[in-house]
file target_37.cif (mmCIF, C-alpha atoms)
data_entry
#
loop_
_atom_site.group_PDB
_atom_site.id
_atom_site.type_symbol
_atom_site.label_atom_id
_atom_site.label_comp_id
_atom_site.auth_asym_id
_atom_site.auth_seq_id
_atom_site.Cartn_x
_atom_site.Cartn_y
_atom_site.Cartn_z
ATOM 1 C CA MET A 1 0.000 0.000 0.000
ATOM 2 C CA GLU A 2 2.753 2.349 0.879
ATOM 3 C CA ARG A 3 4.544 1.531 -2.371
ATOM 4 C CA ARG A 4 1.457 2.433 -4.434
ATOM 5 C CA GLN A 5 1.134 5.726 -2.639
ATOM 6 C CA VAL A 6 4.675 6.691 -3.451
ATOM 7 C CA ILE A 7 4.223 5.867 -7.120
ATOM 8 C CA THR A 8 1.039 7.919 -7.249
ATOM 9 C CA LEU A 9 2.713 10.889 -5.681
ATOM 10 C CA ILE A 10 5.586 10.786 -8.090
ATOM 11 C CA GLY A 11 3.272 10.492 -11.064
ATOM 12 C CA GLY A 12 1.165 13.359 -9.780
ATOM 13 C CA ALA A 13 4.188 15.535 -9.458
ATOM 14 C CA ALA A 14 5.168 14.766 -13.053
ATOM 15 C CA ALA A 15 1.715 15.740 -14.286
ATOM 16 C CA ALA A 16 1.574 19.015 -12.418
ATOM 17 C CA PRO A 17 2.230 22.174 -14.460
ATOM 18 C CA LEU A 18 5.869 23.274 -14.410
ATOM 19 C CA ILE A 19 6.420 26.628 -12.772
ATOM 20 C CA LEU A 20 9.485 28.477 -14.097
ATOM 21 C CA ARG A 21 11.013 30.944 -11.729
ATOM 22 C CA PRO A 22 13.006 33.760 -13.307
ATOM 23 C CA LEU A 23 16.755 33.489 -12.785
ATOM 24 C CA PRO A 24 18.360 36.446 -11.051
ATOM 25 C CA LEU A 25 19.714 38.879 -13.639
ATOM 26 C CA ARG A 26 23.459 39.298 -13.747
ATOM 27 C CA ALA A 27 24.685 42.872 -13.486
ATOM 28 C CA GLN A 28 25.729 44.015 -16.948
ATOM 29 C CA GLN A 29 29.379 44.898 -17.238
ATOM 30 C CA PRO A 30 29.767 48.536 -18.282
ATOM 31 C CA ALA A 31 31.453 48.979 -21.652
ATOM 32 C CA VAL A 32 35.021 50.209 -21.373
ATOM 33 C CA PRO A 33 35.583 53.794 -22.538
ATOM 34 C CA VAL A 34 37.194 54.292 -25.948
ATOM 35 C CA ILE A 35 39.981 56.787 -26.640
ATOM 36 C CA GLY A 36 40.542 58.053 -30.158
ATOM 37 C CA PHE A 37 44.239 58.457 -31.000
ATOM 38 C CA LEU A 38 44.700 60.683 -34.055
ATOM 39 C CA ARG A 39 48.061 61.534 -35.578
ATOM 40 C CA SER A 40 49.244 62.996 -38.865
ATOM 41 C CA THR A 41 52.044 60.453 -39.353
ATOM 42 C CA SER A 42 52.084 56.633 -39.492
ATOM 43 C CA LEU A 43 52.244 54.035 -36.741
ATOM 44 C CA ALA A 44 55.759 53.082 -37.818
ATOM 45 C CA ASP A 45 56.917 56.628 -37.075
ATOM 46 C CA SER A 46 55.107 56.830 -33.741
ATOM 47 C CA THR A 47 55.657 53.559 -31.866
ATOM 48 C CA GLN A 48 57.608 55.128 -29.000
ATOM 49 C CA LEU A 49 54.973 57.855 -28.656
ATOM 50 C CA VAL A 50 52.211 55.257 -28.412
ATOM 51 C CA THR A 51 54.238 53.381 -25.796
ATOM 52 C CA ALA A 52 54.670 56.590 -23.790
ATOM 53 C CA PHE A 53 50.946 57.354 -24.074
ATOM 54 C CA ARG A 54 50.026 53.903 -22.762
ATOM 55 C CA ARG A 55 52.453 54.441 -19.875
ATOM 56 C CA GLY A 56 50.668 57.662 -18.947
ATOM 57 C CA LEU A 57 47.309 55.894 -19.070
ATOM 58 C CA ASN A 58 48.677 53.191 -16.793
ATOM 59 C CA GLU A 59 49.818 55.848 -14.326
ATOM 60 C CA SER A 60 46.201 57.064 -14.281
ATOM 61 C CA GLY A 61 44.933 53.553 -13.568
ATOM 62 C CA TYR A 62 43.860 52.540 -17.083
ATOM 63 C CA ILE A 63 45.107 49.490 -18.975
ATOM 64 C CA GLU A 64 44.403 49.074 -22.666
ATOM 65 C CA GLY A 65 42.316 45.990 -23.375
ATOM 66 C CA GLN A 66 41.067 45.804 -19.785
ATOM 67 C CA THR A 67 39.737 49.129 -18.557
ATOM 68 C CA VAL A 68 40.073 51.202 -21.716
ATOM 69 C CA ALA A 69 40.175 50.711 -25.498
ATOM 70 C CA ILE A 70 42.110 52.807 -28.017
ATOM 71 C CA GLU A 71 41.045 53.436 -31.609
ATOM 72 C CA PHE A 72 43.992 54.552 -33.756
ATOM 73 C CA ARG A 73 43.738 56.702 -36.860
ATOM 74 C CA TRP A 74 46.817 57.601 -38.955
ATOM 75 C CA ALA A 75 46.933 60.200 -41.741
ATOM 76 C CA GLU A 76 50.197 58.711 -43.094
ATOM 77 C CA GLY A 77 51.621 62.178 -43.765
ATOM 78 C CA HIS A 78 48.513 63.344 -45.675
ATOM 79 C CA ASN A 79 47.096 66.132 -43.541
ATOM 80 C CA ASP A 80 44.129 66.529 -45.880
ATOM 81 C CA ARG A 81 42.833 63.212 -44.495
ATOM 82 C CA LEU A 82 42.644 64.504 -40.935
ATOM 83 C CA PRO A 83 39.160 66.130 -41.063
ATOM 84 C CA ALA A 84 37.573 62.859 -42.221
ATOM 85 C CA LEU A 85 39.497 60.815 -39.644
ATOM 86 C CA ALA A 86 38.493 63.208 -36.863
ATOM 87 C CA ALA A 87 34.836 63.078 -37.942
ATOM 88 C CA GLU A 88 35.021 59.289 -37.945
ATOM 89 C CA LEU A 89 36.195 59.236 -34.321
ATOM 90 C CA VAL A 90 33.403 61.626 -33.334
ATOM 91 C CA ARG A 91 30.840 59.327 -34.950
ATOM 92 C CA ARG A 92 32.442 56.440 -33.088
ATOM 93 C CA GLN A 93 31.485 58.333 -29.899
ATOM 94 C CA VAL A 94 34.903 58.092 -28.349
ATOM 95 C CA ALA A 95 35.256 59.441 -24.806
ATOM 96 C CA VAL A 96 38.312 61.583 -25.638
ATOM 97 C CA ILE A 97 40.537 62.304 -28.636
ATOM 98 C CA VAL A 98 44.320 62.512 -28.270
ATOM 99 C CA ALA A 99 46.091 64.229 -31.164
ATOM 100 C CA ASN A 100 49.223 66.045 -32.280
ATOM 101 C CA SER A 101 48.824 69.743 -33.068
ATOM 102 C CA VAL A 102 47.597 69.677 -36.677
ATOM 103 C CA SER A 103 45.342 66.701 -35.877
ATOM 104 C CA ALA A 104 43.956 68.499 -32.828
ATOM 105 C CA LEU A 105 42.948 71.452 -34.997
ATOM 106 C CA ALA A 106 41.012 69.045 -37.243
ATOM 107 C CA ALA A 107 39.408 67.429 -34.204
ATOM 108 C CA LYS A 108 38.434 70.794 -32.752
ATOM 109 C CA ALA A 109 36.743 71.684 -36.039
ATOM 110 C CA ALA A 110 34.837 68.378 -35.910
ATOM 111 C CA THR A 111 33.444 68.609 -32.366
ATOM 112 C CA THR A 112 32.764 71.055 -29.557
ATOM 113 C CA THR A 113 31.731 68.359 -27.073
ATOM 114 C CA VAL A 114 34.195 65.457 -27.241
ATOM 115 C CA PRO A 115 37.213 66.246 -25.012
ATOM 116 C CA ILE A 116 40.487 66.712 -26.921
ATOM 117 C CA VAL A 117 44.014 66.347 -25.509
ATOM 118 C CA PHE A 118 46.745 67.699 -27.796
ATOM 119 C CA THR A 119 50.519 67.560 -27.891
ATOM 120 C CA THR A 120 52.176 70.436 -29.710
ATOM 121 C CA GLY A 121 55.564 71.995 -30.234
ATOM 122 C CA SER A 122 53.903 75.307 -30.975
ATOM 123 C CA ASP A 123 51.977 77.951 -29.013
ATOM 124 C CA PRO A 124 48.458 76.527 -28.546
ATOM 125 C CA VAL A 125 46.995 79.943 -27.703
ATOM 126 C CA ARG A 126 48.313 81.609 -30.855
ATOM 127 C CA ASP A 127 47.264 78.587 -32.917
ATOM 128 C CA GLY A 128 43.686 78.755 -31.647
ATOM 129 C CA LEU A 129 43.581 75.479 -29.746
ATOM 130 C CA VAL A 130 42.891 77.043 -26.329
ATOM 131 C CA GLY A 131 41.916 80.425 -24.921
ATOM 132 C CA SER A 132 44.816 80.501 -22.452
ATOM 133 C CA LEU A 133 47.350 78.113 -20.952
ATOM 134 C CA ASN A 134 45.986 78.324 -17.409
ATOM 135 C CA ARG A 135 42.297 78.336 -18.355
ATOM 136 C CA PRO A 136 41.910 76.504 -21.668
ATOM 137 C CA GLY A 137 38.110 76.746 -21.775
ATOM 138 C CA GLY A 138 35.991 74.677 -24.138
ATOM 139 C CA ASN A 139 36.710 71.004 -24.791
ATOM 140 C CA VAL A 140 40.467 71.197 -25.446
ATOM 141 C CA THR A 141 43.602 70.982 -23.300
ATOM 142 C CA GLY A 142 46.959 69.268 -23.636
ATOM 143 C CA VAL A 143 50.733 69.462 -23.483
ATOM 144 C CA THR A 144 53.063 71.927 -25.193
ATOM 145 C CA PHE A 145 56.808 71.533 -25.520
ATOM 146 C CA PHE A 146 57.394 74.721 -27.559
ATOM 147 C CA SER A 147 59.823 72.975 -29.894
ATOM 148 C CA GLY A 148 58.717 75.160 -32.791
ATOM 149 C CA LEU A 149 59.851 78.249 -30.872
ATOM 150 C CA LEU A 150 63.471 77.131 -30.538
ATOM 151 C CA GLY A 151 64.682 77.779 -34.077
ATOM 152 C CA ALA A 152 66.929 80.681 -33.119
ATOM 153 C CA LYS A 153 68.531 78.679 -30.321
ATOM 154 C CA ARG A 154 69.250 75.771 -32.684
ATOM 155 C CA LEU A 155 70.798 78.167 -35.182
ATOM 156 C CA GLU A 156 73.019 79.640 -32.465
ATOM 157 C CA LEU A 157 74.283 76.194 -31.400
ATOM 158 C CA LEU A 158 74.896 75.195 -35.016
ATOM 159 C CA ARG A 159 76.970 78.333 -35.624
ATOM 160 C CA GLN A 160 79.112 77.537 -32.585
ATOM 161 C CA LEU A 161 80.001 74.187 -34.132
ATOM 162 C CA VAL A 162 80.327 75.434 -37.725
ATOM 163 C CA PRO A 163 81.346 79.102 -37.363
ATOM 164 C CA LYS A 164 82.626 79.380 -40.941
ATOM 165 C CA ALA A 165 79.253 78.511 -42.489
ATOM 166 C CA THR A 166 77.833 81.721 -43.949
ATOM 167 C CA ILE A 167 74.901 80.138 -45.795
ATOM 168 C CA ILE A 168 72.494 77.987 -43.784
ATOM 169 C CA GLY A 169 69.983 75.624 -45.347
ATOM 170 C CA MET A 170 66.673 74.766 -43.743
ATOM 171 C CA LEU A 171 64.119 72.041 -44.407
ATOM 172 C CA VAL A 172 60.531 72.944 -43.536
ATOM 173 C CA PHE A 173 57.313 70.956 -43.738
ATOM 174 C CA PRO A 174 55.034 73.905 -44.585
ATOM 175 C CA ASN A 175 51.620 75.131 -43.566
ATOM 176 C CA THR A 176 51.413 74.012 -39.957
ATOM 177 C CA PRO A 177 51.353 76.558 -37.119
ATOM 178 C CA GLU A 178 54.499 75.247 -35.422
ATOM 179 C CA THR A 179 56.631 74.996 -38.573
ATOM 180 C CA GLU A 180 55.608 78.434 -39.816
ATOM 181 C CA ALA A 181 56.445 79.934 -36.413
ATOM 182 C CA GLU A 182 59.841 78.275 -36.569
ATOM 183 C CA ARG A 183 60.419 79.571 -40.104
ATOM 184 C CA ARG A 184 59.826 83.153 -38.970
ATOM 185 C CA ASP A 185 62.021 82.638 -35.909
ATOM 186 C CA VAL A 186 64.959 81.386 -37.956
ATOM 187 C CA GLN A 187 64.549 84.058 -40.635
ATOM 188 C CA SER A 188 64.761 86.809 -37.997
ATOM 189 C CA ALA A 189 67.790 85.239 -36.301
ATOM 190 C CA ALA A 190 69.631 84.699 -39.595
ATOM 191 C CA LYS A 191 68.998 88.278 -40.702
ATOM 192 C CA ALA A 192 70.237 89.633 -37.368
ATOM 193 C CA SER A 193 73.422 87.562 -37.718
ATOM 194 C CA GLY A 194 74.024 88.508 -41.351
ATOM 195 C CA LEU A 195 73.686 84.902 -42.547
ATOM 196 C CA GLY A 196 72.376 83.723 -45.871
ATOM 197 C CA LEU A 197 69.390 81.414 -45.517
ATOM 198 C CA VAL A 198 68.066 78.887 -48.046
ATOM 199 C CA ILE A 199 64.687 77.523 -46.938
ATOM 200 C CA VAL A 200 63.135 74.673 -48.908
ATOM 201 C CA ASP A 201 59.613 73.376 -48.257
ATOM 202 C CA VAL A 202 59.384 69.590 -48.355
ATOM 203 C CA GLY A 203 56.498 67.146 -48.234
ATOM 204 C CA SER A 204 57.897 63.940 -49.729
ATOM 205 C CA ASP A 205 61.076 61.903 -50.130
ATOM 206 C CA ARG A 206 61.612 63.387 -53.564
ATOM 207 C CA ASP A 207 61.265 66.928 -52.173
ATOM 208 C CA ILE A 208 63.974 66.186 -49.614
ATOM 209 C CA GLU A 209 66.322 64.778 -52.249
ATOM 210 C CA THR A 210 65.737 67.825 -54.473
ATOM 211 C CA ALA A 211 66.337 70.129 -51.507
ATOM 212 C CA PHE A 212 69.788 68.670 -50.867
ATOM 213 C CA ALA A 213 70.684 69.111 -54.522
ATOM 214 C CA GLU A 214 69.762 72.782 -54.162
ATOM 215 C CA PHE A 215 71.753 73.116 -50.942
ATOM 216 C CA VAL A 216 74.875 71.773 -52.650
ATOM 217 C CA GLN A 217 74.357 74.022 -55.663
ATOM 218 C CA ARG A 218 73.968 77.125 -53.496
ATOM 219 C CA GLY A 219 76.939 76.418 -51.267
ATOM 220 C CA VAL A 220 75.078 75.696 -48.036
ATOM 221 C CA GLY A 221 77.590 75.136 -45.222
ATOM 222 C CA ALA A 222 75.257 73.849 -42.509
ATOM 223 C CA LEU A 223 71.643 72.735 -42.172
ATOM 224 C CA LEU A 224 68.675 73.106 -39.845
ATOM 225 C CA THR A 225 65.974 70.458 -40.101
ATOM 226 C CA GLY A 226 62.646 71.947 -39.128
ATOM 227 C CA ASN A 227 60.419 70.881 -36.320
ATOM 228 C CA GLY A 228 57.376 68.662 -36.676
ATOM 229 C CA PRO A 229 56.442 65.011 -37.090
ATOM 230 C CA PHE A 230 57.024 64.844 -40.849
ATOM 231 C CA LEU A 231 60.763 65.498 -40.765
ATOM 232 C CA VAL A 232 61.226 63.303 -37.710
ATOM 233 C CA SER A 233 59.519 60.508 -39.643
ATOM 234 C CA LYS A 234 61.980 61.089 -42.520
ATOM 235 C CA ARG A 235 65.052 61.169 -40.273
ATOM 236 C CA GLU A 236 66.785 58.183 -41.894
ATOM 237 C CA LEU A 237 66.655 59.823 -45.330
ATOM 238 C CA VAL A 238 67.668 63.287 -44.062
ATOM 239 C CA VAL A 239 70.581 61.913 -42.037
ATOM 240 C CA ALA A 240 71.806 59.828 -44.980
ATOM 241 C CA LEU A 241 71.690 62.764 -47.402
ATOM 242 C CA ALA A 242 73.414 65.088 -44.928
ATOM 243 C CA ALA A 243 76.216 62.537 -44.518
ATOM 244 C CA ARG A 244 76.503 61.911 -48.277
ATOM 245 C CA ASN A 245 76.825 65.631 -48.965
ATOM 246 C CA ALA A 246 78.994 66.338 -45.885
ATOM 247 C CA ILE A 247 76.592 68.962 -44.518
ATOM 248 C CA PRO A 248 76.574 69.384 -40.699
ATOM 249 C CA ALA A 249 72.979 69.392 -39.492
ATOM 250 C CA MET A 250 71.125 70.506 -36.378
ATOM 251 C CA HIS A 251 67.890 68.611 -35.703
ATOM 252 C CA ALA A 252 64.828 69.239 -33.562
ATOM 253 C CA GLN A 253 64.477 65.827 -31.883
ATOM 254 C CA ARG A 254 66.907 63.399 -30.268
ATOM 255 C CA GLU A 255 65.541 60.558 -32.418
ATOM 256 C CA GLU A 256 67.253 62.177 -35.393
ATOM 257 C CA VAL A 257 70.627 62.104 -33.627
ATOM 258 C CA GLU A 258 70.059 58.522 -32.554
ATOM 259 C CA ALA A 259 69.594 57.771 -36.264
ATOM 260 C CA GLY A 260 73.048 59.220 -36.982
ATOM 261 C CA GLY A 261 72.380 62.956 -37.097
ATOM 262 C CA LEU A 262 74.991 65.396 -35.815
ATOM 263 C CA MET A 263 73.115 67.102 -32.984
ATOM 264 C CA SER A 264 69.683 68.122 -31.718
ATOM 265 C CA TYR A 265 68.197 70.579 -29.283
ATOM 266 C CA GLY A 266 64.674 70.424 -27.961
ATOM 267 C CA PRO A 267 62.253 68.947 -25.465
ATOM 268 C CA GLY A 268 61.301 65.300 -25.596
ATOM 269 C CA ASN A 269 57.926 64.817 -27.242
ATOM 270 C CA THR A 270 57.955 61.241 -25.933
ATOM 271 C CA ASP A 271 57.340 62.483 -22.407
ATOM 272 C CA ALA A 272 54.674 64.836 -23.755
ATOM 273 C CA TYR A 273 52.691 61.774 -24.862
ATOM 274 C CA ARG A 274 53.090 60.221 -21.420
ATOM 275 C CA GLN A 275 51.630 63.405 -19.946
ATOM 276 C CA ALA A 276 48.844 63.305 -22.545
ATOM 277 C CA GLY A 277 48.043 59.790 -21.335
ATOM 278 C CA ILE A 278 47.779 61.072 -17.778
ATOM 279 C CA TYR A 279 45.413 63.860 -18.861
ATOM 280 C CA ALA A 280 43.298 61.431 -20.900
ATOM 281 C CA GLY A 281 42.967 59.267 -17.796
ATOM 282 C CA GLN A 282 41.906 62.239 -15.680
ATOM 283 C CA ILE A 283 39.250 63.166 -18.240
ATOM 284 C CA LEU A 284 37.936 59.594 -18.219
ATOM 285 C CA LYS A 285 37.554 59.979 -14.453
ATOM 286 C CA GLY A 286 35.360 63.017 -14.948
ATOM 287 C CA LYS A 287 37.614 66.055 -15.107
ATOM 288 C CA LYS A 288 36.779 68.708 -17.699
ATOM 289 C CA PRO A 289 39.381 69.872 -20.253
ATOM 290 C CA ALA A 290 38.381 73.474 -19.591
ATOM 291 C CA ASN A 291 39.655 73.102 -16.022
ATOM 292 C CA LEU A 292 42.938 71.339 -16.833
ATOM 293 C CA PRO A 293 45.765 73.837 -17.474
ATOM 294 C CA VAL A 294 47.952 73.178 -20.492
ATOM 295 C CA MET A 295 51.077 71.401 -19.264
ATOM 296 C CA GLN A 296 54.416 72.846 -20.351
ATOM 297 C CA SER A 297 57.693 71.015 -20.826
ATOM 298 C CA THR A 298 60.485 72.658 -18.839
ATOM 299 C CA THR A 299 63.448 70.406 -19.675
ATOM 300 C CA PHE A 300 65.396 70.379 -22.936
ATOM 301 C CA ASP A 301 67.845 67.868 -24.362
ATOM 302 C CA PHE A 302 70.990 68.899 -26.217
ATOM 303 C CA VAL A 303 72.398 65.772 -27.835
ATOM 304 C CA ILE A 304 75.666 65.522 -29.793
ATOM 305 C CA ASN A 305 76.808 62.562 -31.879
ATOM 306 C CA LEU A 306 80.617 62.575 -31.736
ATOM 307 C CA LYS A 307 80.902 59.757 -34.260
ATOM 308 C CA THR A 308 79.054 61.865 -36.822
ATOM 309 C CA ALA A 309 81.113 64.942 -35.956
ATOM 310 C CA LYS A 310 84.311 62.962 -36.540
ATOM 311 C CA SER A 311 83.065 61.686 -39.899
ATOM 312 C CA LEU A 312 82.481 65.320 -40.938
ATOM 313 C CA GLY A 313 85.924 66.371 -39.758
ATOM 314 C CA LEU A 314 84.491 68.574 -37.006
ATOM 315 C CA VAL A 315 86.004 69.163 -33.588
ATOM 316 C CA VAL A 316 83.263 69.840 -31.048
ATOM 317 C CA PRO A 317 84.220 72.766 -28.764
ATOM 318 C CA ASP A 318 84.471 71.997 -25.058
ATOM 319 C CA ARG A 319 81.751 74.540 -24.262
ATOM 320 C CA LEU A 320 79.269 72.528 -26.351
ATOM 321 C CA LEU A 321 80.337 69.227 -24.798
ATOM 322 C CA VAL A 322 79.824 70.713 -21.348
ATOM 323 C CA ALA A 323 76.401 72.085 -22.324
ATOM 324 C CA ALA A 324 75.239 68.789 -23.855
ATOM 325 C CA THR A 325 72.848 66.649 -21.833
ATOM 326 C CA GLU A 326 73.978 63.567 -23.753
ATOM 327 C CA VAL A 327 76.959 62.740 -25.940
ATOM 328 C CA ILE A 328 76.762 59.751 -28.270
ATOM 329 C CA GLU A 329 80.209 58.272 -28.988
#
call {"tool": "encode", "arguments": {"input": "target_37.cif", "output": "structure tokens"}}
result
Amino acid sequence: MERRQVITLIGGAAAAPLILRPLPLRAQQPAVPVIGFLRSTSLADSTQLVTAFRRGLNESGYIEGQTVAIEFRWAEGHNDRLPALAAELVRRQVAVIVANSVSALAAKAATTTVPIVFTTGSDPVRDGLVGSLNRPGGNVTGVTFFSGLLGAKRLELLRQLVPKATIIGMLVFPNTPETEAERRDVQSAAKASGLGLVIVDVGSDRDIETAFAEFVQRGVGALLTGNGPFLVSKRELVVALAARNAIPAMHAQREEVEAGGLMSYGPGNTDAYRQAGIYAGQILKGKKPANLPVMQSTTFDFVINLKTAKSLGLVVPDRLLVAATEVIE
């Protein structure tokens, strides 16, 4: 009897309607913020800058692939592509755009709401990126290293090493605020010193090769390579042509001396990208660009390559060796 009762109960339970209870909902993981990284050059020319930027993000508590994503856009040296690339990042609804100076101008034209963090070697107030250094206002802030304002100082150092050079050549990537400021700076300094100056605008490998042919034809005794990402990206070609034509050259960035150039004077834009990473992290945490003062680089590197000097038959004066922050032997 007891066995029958058990069987009946089990069968009854099987026949009863099944009641489904809703499972507790899992909390949805918030999507990680996305940073747009916009630059006028290529990735190949910017790997150390990207590394420095990631380091700055890490210092702010963000790790790419875990707590933040980065969307890269490269103009590959074609600045006319920047407006479309900036608009694309805005449509992507990135949380912040990080850009070099000419890219930041394109980004600013594309949006008044997405925060923008720039790095520039120029004066961001004069160039229209911010209202002032201490109170940027709007949606833009960043880091300036004023490299484009050091043309006269580079010319002075070059003359100390090559005092007999009476005609100076200069390579300029034209039509950016920082390179045009540097052009004017060098023109004024050369005129005040009674030097001849041969400035050639370049925008391609062929332009650079043609420029050196002109320098040789016009008896250029020393060379300034202009500031900006384009000429840094072409450092291997510029250094090779300077060596082939035995023209002592002063560069804007240490990377050019590391590639075999004679000497450079300027701030490190690598650290500027680390600082940009820190600012991007602060903005992701809720700070407003308008309230973040533009950071300014206060240290400058003067790098001399003694091996290159020797190959050119130059003896570097002791006063320059003492002033140098690094000597490559």
call {"tool": "resolve_selection", "arguments": {"input": "target_37.cif", "expression": "the PyMOL selection byres ((chain A and resi 309) around 10)", "output": "count of residues only"}}
result
20
call {"tool": "residues_near_point", "arguments": {"input": "target_37.cif", "point": "(35.8, 58.8, -20.0)", "cutoff": "6 Å", "atoms": "all atoms listed in the file", "output": "list in words"}}
result
Pro33, Ala95, Ile283, Leu284 and Lys285 of chain A
call {"tool": "resolve_selection", "arguments": {"input": "target_37.cif", "expression": "the PyMOL selection byres ((chain A and resi 130) around 12)", "output": "PyMOL selection string"}}
result
chain A and resi 101+104-105+108+116-118+120+123-129+131-144+289-294
call {"tool": "resolve_selection", "arguments": {"input": "target_37.cif", "expression": "the PyMOL selection byres ((chain A and resi 197) around 7)", "output": "list in words"}}
result
Ile167, Ile168, Gly169, Ala190, Leu195, Gly196, Val198 and Ile199 of chain A
call {"tool": "closest_atom_pairs", "arguments": {"input": "target_37.cif", "of": "stretch 250-309 of chain A", "to": "stretch 207-224 of chain A", "cutoff": "9 Å", "atoms": "only C-alpha atoms", "output": "CSV"}}
result
residue,atom,partner,partner_atom,distance
A:Met250,CA,A:Leu224,CA,5.0
A:His251,CA,A:Leu224,CA,6.2
A:Ala252,CA,A:Leu224,CA,8.3
call {"tool": "write_last_selection", "arguments": {"input": "target_37.cif", "atoms": "C-alpha atoms", "output": "PDB file, in the frame of the given file"}}
result
ATOM      1  CA  MET A 250      71.125  70.506 -36.378  1.00  0.00           C
ATOM      2  CA  HIS A 251      67.890  68.611 -35.703  1.00  0.00           C
ATOM      3  CA  ALA A 252      64.828  69.239 -33.562  1.00  0.00           C
TER       4      ALA A 252
END
call {"tool": "closest_residue", "arguments": {"input": "target_37.cif", "among": "A:Pro317, A:Pro83, A:Pro174, A:Gly281", "to": "A:Ile35", "atoms": "all atoms listed in the file"}}
result
A:Gly281
call {"tool": "atom_distance", "arguments": {"input": "target_37.cif", "atom1": "atom CA of A:Asn79", "atom2": "atom CA of A:Val102"}}
result
7.7 Å
